[in-house]
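> To be precise about what I am sending: the file is called run39.tsv and holds TSV, C-alpha atoms and all ligand atoms.
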```tsv
chain	number	residue	atom	x	y	z
A	294	MET	CA	0.00	0.00	0.00
A	295	GLU	CA	1.44	3.30	-1.09
A	296	ILE	CA	0.53	6.27	1.13
A	297	ILE	CA	0.27	9.59	-0.71
A	298	ILE	CA	0.06	12.74	1.38
A	299	LYS	CA	-1.43	15.98	0.06
A	300	ASN	CA	-1.98	19.37	1.65
A	301	SER	CA	-5.74	19.43	1.23
A	302	ILE	CA	-8.74	17.37	0.19
A	303	SER	CA	-9.10	19.49	-2.95
A	304	GLU	CA	-5.54	18.60	-3.94
A	305	ILE	CA	-6.40	14.94	-3.35
A	306	GLY	CA	-9.50	15.32	-5.50
A	307	GLU	CA	-7.61	16.96	-8.36
A	308	THR	CA	-4.78	14.40	-8.31
A	309	ILE	CA	-7.11	11.41	-8.35
A	310	ALA	CA	-9.37	12.97	-11.01
A	311	LYS	CA	-6.36	13.55	-13.27
A	312	GLU	CA	-5.28	9.95	-12.81
A	313	ILE	CA	-8.77	8.67	-13.65
A	314	ALA	CA	-9.01	10.98	-16.69
A	315	HIS	CA	-5.60	9.79	-17.90
A	316	HIS	CA	-6.75	6.18	-17.60
A	317	ILE	CA	-9.98	6.91	-19.51
A	318	ASN	CA	-8.05	8.70	-22.26
A	319	LEU	CA	-5.88	5.59	-22.69
A	320	ASN	CA	-8.92	3.31	-22.51
A	321	PRO	CA	-12.26	5.06	-23.21
A	322	LYS	CA	-14.10	1.91	-22.09
A	323	THR	CA	-12.69	2.08	-18.57
A	324	ILE	CA	-14.77	0.41	-15.87
A	325	LEU	CA	-14.92	2.53	-12.73
A	326	GLY	CA	-15.84	1.38	-9.24
A	327	LEU	CA	-17.36	4.38	-7.47
A	328	ALA	CA	-17.92	5.32	-3.84
A	329	THR	CA	-20.23	7.62	-1.89
A	330	GLY	CA	-19.59	9.53	1.35
A	331	SER	CA	-17.88	12.91	1.79
A	332	SER	CA	-14.37	11.73	0.91
A	333	PRO	CA	-14.80	11.29	-2.90
A	334	VAL	CA	-16.87	14.46	-3.47
A	335	GLU	CA	-13.83	16.56	-4.46
A	336	VAL	CA	-12.77	13.87	-6.93
A	337	TYR	CA	-16.20	14.13	-8.55
A	338	GLN	CA	-16.02	17.94	-8.66
A	339	ALA	CA	-12.62	17.78	-10.35
A	340	LEU	CA	-13.86	15.15	-12.84
A	341	ILE	CA	-16.83	17.39	-13.72
A	342	LYS	CA	-14.41	20.26	-14.45
A	343	LEU	CA	-12.21	18.03	-16.65
A	344	ASN	CA	-15.28	16.78	-18.54
A	345	LYS	CA	-16.62	20.32	-19.08
A	346	ALA	CA	-13.17	21.39	-20.32
A	347	ASN	CA	-13.24	18.48	-22.81
A	348	VAL	CA	-10.17	16.91	-21.23
A	349	VAL	CA	-12.01	13.63	-20.76
A	350	SER	CA	-15.24	12.02	-21.96
A	351	PHE	CA	-17.26	9.40	-20.07
A	352	LYS	CA	-19.43	8.40	-23.00
A	353	ASP	CA	-18.07	4.83	-23.17
A	354	VAL	CA	-17.27	4.49	-19.46
A	355	LYS	CA	-19.21	2.08	-17.26
A	356	SER	CA	-19.48	2.43	-13.50
A	357	PHE	CA	-20.36	0.10	-10.65
A	358	ASN	CA	-21.10	1.67	-7.30
A	359	LEU	CA	-20.05	-0.02	-4.10
A	360	ASP	CA	-23.28	-0.06	-2.17
A	361	GLU	CA	-26.89	1.02	-1.74
A	362	TYR	CA	-29.31	1.27	1.17
A	363	LEU	CA	-32.16	-1.20	1.53
A	364	GLY	CA	-35.69	-0.77	2.79
A	365	GLU	CA	-37.95	2.25	2.69
A	366	VAL	CA	-35.54	5.06	1.93
A	367	ASP	CA	-36.59	8.38	0.40
A	368	PHE	CA	-35.08	8.59	-3.09
A	369	ASP	CA	-33.10	11.71	-2.16
A	370	LYS	CA	-31.27	9.70	0.52
A	371	THR	CA	-30.26	6.86	-1.77
A	372	TYR	CA	-26.75	6.47	-3.10
A	373	ARG	CA	-28.18	6.49	-6.65
A	374	PHE	CA	-29.50	10.01	-5.96
A	375	PHE	CA	-26.15	11.04	-4.42
A	376	MET	CA	-24.23	9.90	-7.49
A	377	ASN	CA	-26.68	11.52	-9.90
A	378	GLU	CA	-26.36	14.83	-8.06
A	379	GLU	CA	-22.63	14.78	-7.30
A	380	LEU	CA	-21.40	13.42	-10.62
A	381	PHE	CA	-23.55	11.73	-13.25
A	382	LYS	CA	-25.91	14.58	-14.18
A	383	HIS	CA	-22.97	16.93	-14.74
A	384	ILE	CA	-20.94	14.71	-17.10
A	385	ASP	CA	-21.51	12.94	-20.41
A	386	ILE	CA	-21.86	9.44	-18.94
A	387	ASN	CA	-24.77	7.33	-20.19
A	388	LEU	CA	-26.95	6.70	-17.11
A	389	SER	CA	-27.70	3.19	-18.36
A	390	ASN	CA	-23.98	2.45	-17.97
A	391	THR	CA	-24.09	3.31	-14.25
A	392	HIS	CA	-24.86	0.39	-11.94
A	393	PHE	CA	-25.78	-0.11	-8.31
A	394	PRO	CA	-26.12	-3.33	-6.33
A	395	SER	CA	-29.66	-4.26	-5.29
A	396	ILE	CA	-31.44	-7.03	-3.47
A	397	HIS	CA	-32.47	-8.44	-6.86
A	398	LEU	CA	-28.89	-8.47	-8.13
A	399	LEU	CA	-26.64	-10.14	-5.61
A	400	ASP	CA	-24.55	-12.82	-7.41
A	401	LYS	CA	-25.56	-11.14	-10.66
A	402	TYR	CA	-23.77	-7.94	-9.64
A	403	ASP	CA	-20.41	-9.73	-9.42
A	404	GLU	CA	-21.20	-11.46	-12.72
A	405	ALA	CA	-22.10	-8.15	-14.39
A	406	ILE	CA	-18.79	-6.65	-13.25
A	407	GLU	CA	-16.88	-9.62	-14.63
A	408	GLU	CA	-18.81	-9.58	-17.90
A	409	ALA	CA	-17.96	-5.90	-18.31
A	410	GLY	CA	-14.28	-6.85	-18.04
A	411	GLY	CA	-13.67	-6.19	-14.33
A	412	ILE	CA	-13.15	-2.92	-12.49
A	413	ASP	CA	-10.10	-1.00	-13.70
A	414	ILE	CA	-10.06	1.63	-10.95
A	415	GLN	CA	-11.93	1.26	-7.68
A	416	LEU	CA	-12.39	4.41	-5.62
A	417	LEU	CA	-12.86	3.82	-1.88
A	418	GLY	CA	-13.51	5.77	1.28
A	419	ILE	CA	-13.24	4.18	4.69
A	420	GLY	CA	-15.56	4.11	7.67
A	421	GLN	CA	-14.26	5.04	11.10
A	422	ASN	CA	-14.41	1.37	12.09
A	423	GLY	CA	-12.41	0.33	9.02
A	424	HIS	CA	-15.40	-0.63	6.89
A	425	ILE	CA	-15.06	-0.40	3.12
A	426	ALA	CA	-18.26	-0.05	1.12
A	427	PHE	CA	-20.62	-1.46	3.77
A	428	ASN	CA	-18.43	-4.41	4.72
A	429	GLU	CA	-18.54	-4.08	8.47
A	430	PRO	CA	-15.96	-5.55	10.89
A	431	GLY	CA	-16.21	-9.33	10.90
A	432	THR	CA	-17.17	-9.62	7.21
A	433	ALA	CA	-15.49	-12.61	5.56
A	434	PHE	CA	-12.64	-11.68	3.25
A	435	TYR	CA	-14.09	-14.08	0.62
A	436	SER	CA	-17.49	-12.28	0.57
A	437	LYS	CA	-19.17	-11.33	-2.69
A	438	THR	CA	-21.99	-8.80	-3.12
A	439	HIS	CA	-24.36	-9.38	-0.19
A	440	VAL	CA	-26.94	-7.91	2.17
A	441	VAL	CA	-25.63	-6.41	5.41
A	442	THR	CA	-26.98	-5.22	8.72
A	443	LEU	CA	-25.35	-1.86	9.32
A	444	ALA	CA	-23.25	-1.46	12.48
A	445	GLU	CA	-24.72	1.04	14.97
A	446	LYS	CA	-21.53	3.11	14.62
A	447	THR	CA	-22.05	3.34	10.86
A	448	ARG	CA	-25.70	4.34	11.28
A	449	GLN	CA	-24.65	7.06	13.73
A	450	ASP	CA	-21.88	8.30	11.39
A	451	ASN	CA	-24.29	8.39	8.44
A	452	SER	CA	-27.16	9.98	10.40
A	453	ARG	CA	-25.79	13.38	9.36
A	454	PHE	CA	-27.40	12.77	5.97
A	455	PHE	CA	-30.84	12.02	7.52
A	456	GLU	CA	-33.32	13.98	9.66
A	457	SER	CA	-32.71	11.69	12.64
A	458	LEU	CA	-30.96	8.45	13.60
A	459	ASP	CA	-34.18	6.41	13.42
A	460	LYS	CA	-34.52	7.38	9.73
A	461	VAL	CA	-31.14	5.79	8.87
A	462	PRO	CA	-31.68	2.42	7.18
A	463	THR	CA	-30.67	-0.67	9.12
A	464	HIS	CA	-29.69	-2.70	6.04
A	465	ALA	CA	-27.82	-2.23	2.79
A	466	VAL	CA	-26.46	-4.18	-0.16
A	467	THR	CA	-22.73	-3.99	-0.66
A	468	MET	CA	-20.04	-5.30	-2.96
A	469	GLY	CA	-18.17	-7.92	-1.00
A	470	LEU	CA	-14.54	-7.75	0.02
A	471	SER	CA	-13.50	-10.32	-2.59
A	472	THR	CA	-15.40	-8.31	-5.24
A	473	ILE	CA	-13.46	-5.17	-4.31
A	474	MET	CA	-10.15	-7.03	-4.28
A	475	LYS	CA	-10.63	-8.05	-7.92
A	476	ALA	CA	-10.26	-4.42	-9.05
A	477	LYS	CA	-7.03	-3.90	-10.98
A	478	GLU	CA	-6.22	-0.69	-9.12
A	479	ILE	CA	-7.62	0.61	-5.84
A	480	ILE	CA	-7.53	4.26	-4.79
A	481	MET	CA	-8.59	4.92	-1.21
A	482	ILE	CA	-9.17	8.30	0.41
A	483	VAL	CA	-8.78	8.54	4.17
A	484	TYR	CA	-10.15	11.90	5.14
A	485	GLY	CA	-11.90	13.59	8.05
A	486	ASP	CA	-11.18	14.63	11.63
A	487	ASN	CA	-12.76	11.41	12.86
A	488	LYS	CA	-10.30	9.20	10.96
A	489	VAL	CA	-7.07	9.67	12.99
A	490	GLU	CA	-7.33	6.30	14.73
A	491	THR	CA	-8.57	4.69	11.50
A	492	LEU	CA	-5.50	5.86	9.57
A	493	LYS	CA	-3.20	4.81	12.41
A	494	THR	CA	-4.70	1.30	12.42
A	495	LEU	CA	-4.61	1.09	8.63
A	496	MET	CA	-0.91	2.00	8.44
A	497	SER	CA	0.14	-0.66	10.92
A	498	THR	CA	-2.38	-3.38	10.17
A	499	LYS	CA	-1.96	-6.99	9.14
A	500	GLU	CA	-4.85	-8.81	7.49
A	501	ASP	CA	-7.58	-8.97	10.12
A	502	GLU	CA	-11.31	-9.48	9.52
A	503	HIS	CA	-12.10	-7.18	12.44
A	504	PHE	CA	-10.72	-4.30	10.37
A	505	PRO	CA	-12.10	-4.85	6.83
A	506	ALA	CA	-9.78	-2.35	5.09
A	507	SER	CA	-6.82	-4.50	6.21
A	508	ILE	CA	-7.61	-6.81	3.29
A	509	LEU	CA	-5.95	-4.21	1.03
A	510	VAL	CA	-2.54	-5.16	2.43
A	511	SER	CA	-2.48	-8.12	0.04
A	512	HIS	CA	-3.63	-6.20	-3.06
A	513	PRO	CA	-0.80	-5.46	-5.53
A	514	ASN	CA	-1.92	-1.96	-6.57
A	515	VAL	CA	-3.34	0.23	-3.78
A	516	LYS	CA	-2.84	3.94	-3.29
A	517	ILE	CA	-4.03	5.57	-0.10
A	518	PHE	CA	-4.49	9.32	-0.23
A	519	THR	CA	-4.66	11.36	2.95
A	520	THR	CA	-4.04	14.92	4.10
A	521	LEU	CA	-0.85	16.09	5.79
A	522	ASP	CA	-2.79	17.21	8.85
A	523	LEU	CA	-4.42	13.82	9.32
A	524	TYR	CA	-1.16	11.98	8.66
A	525	ASN	CA	0.71	14.07	11.24
A	526	ARG	CA	-1.95	13.37	13.84
A	527	ALA	CA	-1.95	9.65	13.04
A	528	ILE	CA	1.82	9.18	13.45
A	529	ARG	CA	1.97	11.06	16.75
B	1	LIG	C1	-20.39	5.12	4.01
B	1	LIG	C2	-20.11	4.42	2.69
B	1	LIG	C3	-18.65	4.06	2.55
B	1	LIG	C4	-17.79	5.27	2.88
B	1	LIG	C5	-18.04	5.71	4.31
B	1	LIG	C6	-17.16	6.86	4.76
B	1	LIG	O1	-20.56	4.23	5.06
B	1	LIG	N1	-20.90	3.25	2.53
B	1	LIG	O2	-18.41	3.61	1.24
B	1	LIG	O3	-16.45	4.96	2.69
B	1	LIG	O4	-19.41	6.08	4.38
B	1	LIG	O5	-17.74	8.08	4.43
B	1	LIG	P1	-17.03	9.47	4.54
B	1	LIG	O6	-16.17	9.61	3.34
B	1	LIG	O7	-18.19	10.45	4.50
B	1	LIG	O8	-16.30	9.52	5.82
```
Can I see the file as structure tokens?


Amino acid sequence: MEIIIKNSISEIGETIAKEIAHHINLNPKTILGLATGSSPVEVYQALIKLNKANVVSFKDVKSFNLDEYLGEVDFDKTYRFFMNEELFKHIDINLSNTHFPSIHLLDKYDEAIEEAGGIDIQLLGIGQNGHIAFNEPGTAFYSKTHVVTLAEKTRQDNSRFFESLDKVPTHAVTMGLSTIMKAKEIIMIVYGDNKVETLKTLMSTKEDEHFPASILVSHPNVKIFTTLDLYNRAIR
């Protein structure tokens, strides 16, 4: 795992967006694995700018998002809505090429990714408890796309996007850890004041199912972006 330290989240966003655009320019049919949460928002803003400046086109790109809530969720709280608002509606991607896991598409989601040729670049955030996508601590490393019960900590962390904690869904569908590990390249962003301990654990971890992101240790091509401030606090 290569750790890349930048001064700010906007610098992280611009660097990753340039790397993604470069990849798409070499291979216009790039398959992207996309993430929600606050950490990737600056990447999406930078990609929108590059698309509007005609530096990159998404017209032949396909995307597979990591996860989606389950149950009765208002559309404006879904990850589909988040992605439409933060990225898709501002770029020239074909919405029918953008995919989300669902209860009706569990094994089929992994198959669809493989049929598309596999994920070239997987963008990831990380939960405070080390979760990636919605793979909570204790998830088997061999897991494929599956239904999860969200950890209370995750529901509390994500309650900032809802009116109250009781409105946060209790279940979700997520790509599994083995699905994520099949990506050819993984780019993770560790960002936020609440991630000091998370980054510390990540930098010293061995593979351990209690800390899902530790699975990345055995992936051959992982870049972890973080800010200087967070890094300094984590190594203290
Ligand atoms: C959610 C998402 C994860 C994301 C995490 C961290 O739980 N399912 O994919 O990594 O939030 O979000 P943030 O970047 O807002 O800290």

> Pick from A:Glu429, A:Ile419, A:Ser457, A:Lys446: nearest to Thr494 (chain A), with only C-alpha atoms counted?

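Residue with the minimum atom-to-atom distance to Thr494 (chain A): A:Ile419.
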
> Please check which residues have atoms at most 12 Å from (-3.3, 4.0, 10.6) in the file's coordinates, counting all atoms listed in the file, and write them as a tab-separated table (two decimals) with C-alpha atoms, in the coordinates of the input.


```tsv
chain	number	residue	atom	x	y	z
A	294	MET	CA	0.00	0.00	0.00
A	296	ILE	CA	0.53	6.27	1.13
A	419	ILE	CA	-13.24	4.18	4.69
A	421	GLN	CA	-14.26	5.04	11.10
A	422	ASN	CA	-14.41	1.37	12.09
A	423	GLY	CA	-12.41	0.33	9.02
A	483	VAL	CA	-8.78	8.54	4.17
A	484	TYR	CA	-10.15	11.90	5.14
A	488	LYS	CA	-10.30	9.20	10.96
A	489	VAL	CA	-7.07	9.67	12.99
A	490	GLU	CA	-7.33	6.30	14.73
A	491	THR	CA	-8.57	4.69	11.50
A	492	LEU	CA	-5.50	5.86	9.57
A	493	LYS	CA	-3.20	4.81	12.41
A	494	THR	CA	-4.70	1.30	12.42
A	495	LEU	CA	-4.61	1.09	8.63
A	496	MET	CA	-0.91	2.00	8.44
A	497	SER	CA	0.14	-0.66	10.92
A	498	THR	CA	-2.38	-3.38	10.17
A	499	LYS	CA	-1.96	-6.99	9.14
A	504	PHE	CA	-10.72	-4.30	10.37
A	506	ALA	CA	-9.78	-2.35	5.09
A	507	SER	CA	-6.82	-4.50	6.21
A	517	ILE	CA	-4.03	5.57	-0.10
A	519	THR	CA	-4.66	11.36	2.95
A	523	LEU	CA	-4.42	13.82	9.32
A	524	TYR	CA	-1.16	11.98	8.66
A	525	ASN	CA	0.71	14.07	11.24
A	526	ARG	CA	-1.95	13.37	13.84
A	527	ALA	CA	-1.95	9.65	13.04
A	528	ILE	CA	1.82	9.18	13.45
A	529	ARG	CA	1.97	11.06	16.75
```

> CA of Met376 (chain A) and CA of Glu408 (chain A) are how many Å apart?

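One can read the CA of Met376 (chain A) to CA of Glu408 (chain A) distance as 22.7 Å.
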
> Rounded to one decimal place, report the CA of Asn428 (chain A)-CA of Pro394 (chain A) distance in Å.

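CA of Pro394 (chain A) lies 13.5 Å from CA of Asn428 (chain A).
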
> Pick the closest to Leu343 (chain A) from A:Asp486, A:Asp385, A:Glu295, A:Glu502: which is it, counting only C-alpha atoms?

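Counting only C-alpha atoms, the residue closest to Leu343 (chain A) is A:Asp385.
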
> Can you measure CA of Gly411 (chain A) to CA of Glu378 (chain A) for me? One decimal in Å is fine.

25.3 Å

> My list of candidates is A:Tyr362, A:Phe368, A:Phe357, A:Tyr402. Which is closest to Leu388 (chain A) when distances are computed with all atoms listed in the file?

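Among the listed residues, the smallest separation from Leu388 (chain A) belongs to A:Phe357.
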